[in-house]
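Structure first, then comments.
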Amino acid sequence: MRGFILSGDDSVRALRDALAHSPDNVPLRKHLAETLLAFGRAEEAEEEFRQALARDRDNFELKLGLARAFHQQGKSSHAIVIVEEMIRQRDTPAAAYLLHSRLLLQQGDVEFAVSEYRQAVREDDSLRDDELAAELGIDADESSEVVDGKVRAGWDSDEETSSPVANSFERPTINFSSVGGMDTLKEEIRMKIIYPMQHREMFASYGKTIGGGILMYGPPGCGKTHIARATAGEIRAGFVCIGINDVLDMWIGNSEKKLHELFEYARSHQPCVLFFDEVDALGASRTDMKTSASRHLVNQFLAELDGAKSSNEGVLILAATNAPWHLDSAFRRPGRFDRILFVPPPDEPARADILRLQLTGKPVQEIDHLQVARKTKDFSGADLKAVVDQTIEKKLHEAMRTGKPLPIVTKDLIAAAGGLRPSTKEWFASARNYALYSNQGGLYDDILKYLKLT
């Protein structure tokens with residue numbers, strides 16, 4: 001028998017006949033919708049995707065299909081609502097980021113479109129689209145009109161047109177499962193940031209908005225930046241890490257302008273986590289400042305946190321400092337950094353968890369993580385990484401000498417730890433004095449408790 005190929009109408013007719021006998025068959029209805037979409041019959045596809053979603057409301061593939069049907073009909077605003085809701089959730093399909101990139105390009109937000117295209121390709125390299133990449137100016141030479149989302153015409157003007165934060169925007173792939181220990185801190189962040197996003201109506205009934213600030217302080221290397229990034233990953237939010245160099249400018253007024261642009265970018269790409277590292281460098285106490293320009297920057301920072309002119313709904317603000325005593329007290333008022341959390345060195349179980357994470361994927365043999373944890377009291381997460389790194393270096397030296405690679409064992413890690421001293425000791429030496437003699441309102445009670453001075 002000679003084979004034959006069904007025409008588009010025949011394929012659709014055959015699928016509709018099959019659905020008449022099995023109307024609740026979601027995979028079959030999805031197949032019909034995809035077929036209609038492939039033949040350019042987007043309006044009919046929209047109806048079939050809706051019918052399928054009525055039977056399986058949480059199906060990501062159906063939601064993405066409906067968004068594609070909207071996109072094909074030119075209903076961009078309908079499509080972007082669906083895609084942005086998907087991106088806020090976990091396990092978002094990479095194709096959703098690709099469609100988001102197309103929609104953003106249509107809206108003229110080229111730099112964010114570049115970020116979403118790169119995210120899609122990172123997660124699924126088969127989604128590379130040379131035509132879309134060319135429109136976005138990805139990897140283009142400098143003679144092109146658009147290079148990595150920046151319009152060349154803007155480069156030649158005196159006014160900078162591209163957002164200073166766009167290249168720092170990312171969507172972290174880690175979440176709280178990637179953070180060893182810190183259970184109390186995680187729960188505080190959940191209550192302040194994550195639960196309000198996941199249970200909007202419940203929090204709204206109590207008058208609680210989505211947003212706000214958490215200030216984390218403690219010795220360096222204890223995971224403040226890591227948990228900030230994991231927070232964004234936990235809720236599939238965008239993440240922008242901001243350092244002092246991203247804001248400070250030698251020209252009067254430019255620093256305040258940059259800070260405002262950072263907040264505006266986050267407001268237009270919510271949900272977004274803004275993370276200020278070493279925030280005391282930007283928000284130092286105004287009484288210690290010698291120049292009015294520095295005081296103006298602090299005032300601008302406070303105004304942005306208050307959302308005086310623009311709502312911060314959906315903007316989640318985290319900050320970290322090793323020296324909270326240098327931060328202007330105005331930052332601690334309600335509505336600003338109204339949660340101030342001490343991030344101590346990891347305790348024994350947390351150190352064991354961190355070591356497990358650090359050793360994942362490395363050649364190990366019957367490691368007793370708790371035994372190593374007991375030998376690394378007061379070690380920060382960074383100190384534990386140094387233990388693992390030194391162990392690996394020693395093993396590599398042995399392998400190069402003998403030509404025989406051997407797995408890491410418990411005694412290797414203990415030997416490496418014995419040659420290191422915890423970096424947190426120096427920090428606690430300074431913090432102790434502030435906790436004892438400058439502890440207004442019990443701000444540093446957690447330090448006293450950790451040092452067993454209460």
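A note on labels: chains of the structure tokens are A, B, ... as shown, every chain counts residues from 1, and ligands are counted from 1 in their shown order.
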
Spatial neighbours of A:Leu413, max dist 9 Å, only C-alpha atoms, sep filter under 6 positions, as a list in words: Ile367, Val372, Val387, Val388, Gln390 and Thr391 of chain A

For the selection just defined, write its residues with C-alpha atoms to a file, as a short mmCIF file (atom, residue, chain, number, x, y, z; two decimals), in the first residue's frame.
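Saved to part17.cif:
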data_model
loop_
_atom_site.label_atom_id
_atom_site.label_comp_id
_atom_site.auth_asym_id
_atom_site.auth_seq_id
_atom_site.Cartn_x
_atom_site.Cartn_y
_atom_site.Cartn_z
CA ILE A 367 33.50 10.97 54.35
CA VAL A 372 35.17 17.21 60.06
CA VAL A 387 39.55 23.44 53.53
CA VAL A 388 38.11 21.59 50.53
CA GLN A 390 43.48 22.82 49.97
CA THR A 391 42.55 19.15 50.27
#

Which of stretch 255-343 of chain A DSSP labels strand (DSSP E or B), written as a PyMOL selection string: chain A and resi 272-276+284+315-321+327+339-342

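Within the 7 Å cut-off around stretch 317-326 of chain A, using only C-alpha atoms and omitting residues fewer than 3 positions from it on the same chain, the listed residues are Gly212, Gly213, Ile214, Leu215, Met216, Tyr217, Gly218, Pro219, Pro220, Lys224, Ala228, Val273, Leu274, Phe275, Phe276, Asp277, Glu278, Val279, Asp280, Ala284 and Ser285 of chain A.
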
9 Å contact set for A:Lys395, only C-alpha atoms, chain neighbours under 4 positions out, as a ChimeraX atom specification: /A:390-391,399-400,405-408,412

Point-to-point distance in Å for atom CA of A:Phe49 and atom CA of A:Asp24: 12.5 Å

Residue among A:Gly74, A:Pro93, A:Pro23, A:Gly223 lying closest to A:Gln106, counting only C-alpha atoms: A:Gly74

Close residues, A:Ala67 itself excluded, 7 Å, only C-alpha atoms, min 3 positions apart in chain, as a ChimeraX atom specification: /A:63-64,70-71,79,82-83

Taking only C-alpha atoms into account, produce a table as JSON lines in which each residue of stretch 313-380 of chain A with an atom at most 12 Å from an atom of stretch 193-202 of chain A appears once, together with its shortest atom pair and the distance in Å to one decimal, ordered by chain and rising number.
{"residue": "A:Glu313", "atom": "CA", "partner": "A:Met197", "partner_atom": "CA", "distance": 10.5}
{"residue": "A:Gly314", "atom": "CA", "partner": "A:Met197", "partner_atom": "CA", "distance": 8.2}
{"residue": "A:Val315", "atom": "CA", "partner": "A:Ile193", "partner_atom": "CA", "distance": 9.5}
{"residue": "A:Leu316", "atom": "CA", "partner": "A:Ile193", "partner_atom": "CA", "distance": 6.8}
{"residue": "A:Ile317", "atom": "CA", "partner": "A:Ile193", "partner_atom": "CA", "distance": 9.1}
{"residue": "A:Leu318", "atom": "CA", "partner": "A:Ile193", "partner_atom": "CA", "distance": 9.9}
{"residue": "A:Arg339", "atom": "CA", "partner": "A:Ile193", "partner_atom": "CA", "distance": 11.0}

Contacts of A:Ala429 at 12 Å (only C-alpha atoms; same-chain gap of 5+ positions) as number ranges by chain: A: 219, 423-424, 434-436, 447-448, 451

Write a file of the selected residues as a PDB file, in the first residue's frame, keeping C-alpha atoms.
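Output saved as selection_15.pdb:
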ATOM      1  CA  PRO A 219      31.347  38.069  59.786  1.00  0.00           C
ATOM      2  CA  SER A 423      38.598  34.016  59.697  1.00  0.00           C
ATOM      3  CA  THR A 424      35.641  34.976  61.897  1.00  0.00           C
ATOM      4  CA  TYR A 434      29.923  47.283  69.874  1.00  0.00           C
ATOM      5  CA  ALA A 435      27.605  44.635  71.334  1.00  0.00           C
ATOM      6  CA  LEU A 436      28.707  45.449  74.874  1.00  0.00           C
ATOM      7  CA  ILE A 447      26.086  38.722  69.043  1.00  0.00           C
ATOM      8  CA  LEU A 448      26.096  38.661  72.854  1.00  0.00           C
ATOM      9  CA  LEU A 451      29.461  34.845  72.414  1.00  0.00           C
TER      10      LEU A 451
END

Long-range neighbours of stretch 344-346 of chain A as a list in words, 7 Å cut-off, only C-alpha atoms, 6 positions minimum in chain: Gly181, Gly218, Pro219, Cys222, Asp378, Phe379 and Ser380 of chain A

Residues of stretch 259-400 of chain A in helix (DSSP H, G or I), written as number ranges by chain: A: 259-268, 279-281, 286-288, 292-306, 324-326, 329-332, 348-359, 369-374, 381-400

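Considering only C-alpha atoms, the residue among A:Leu359, A:Met86, A:Ala303, A:Val12 positioned nearest to A:Asp58 is A:Met86.
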
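Atom CA of A:Ala415 sits 15.3 Å away from atom CA of A:Leu396.
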
Which of A:Lys186, A:Lys452, A:Lys377, A:Arg29 sits closest to A:Glu46 [using only C-alpha atoms]: A:Arg29
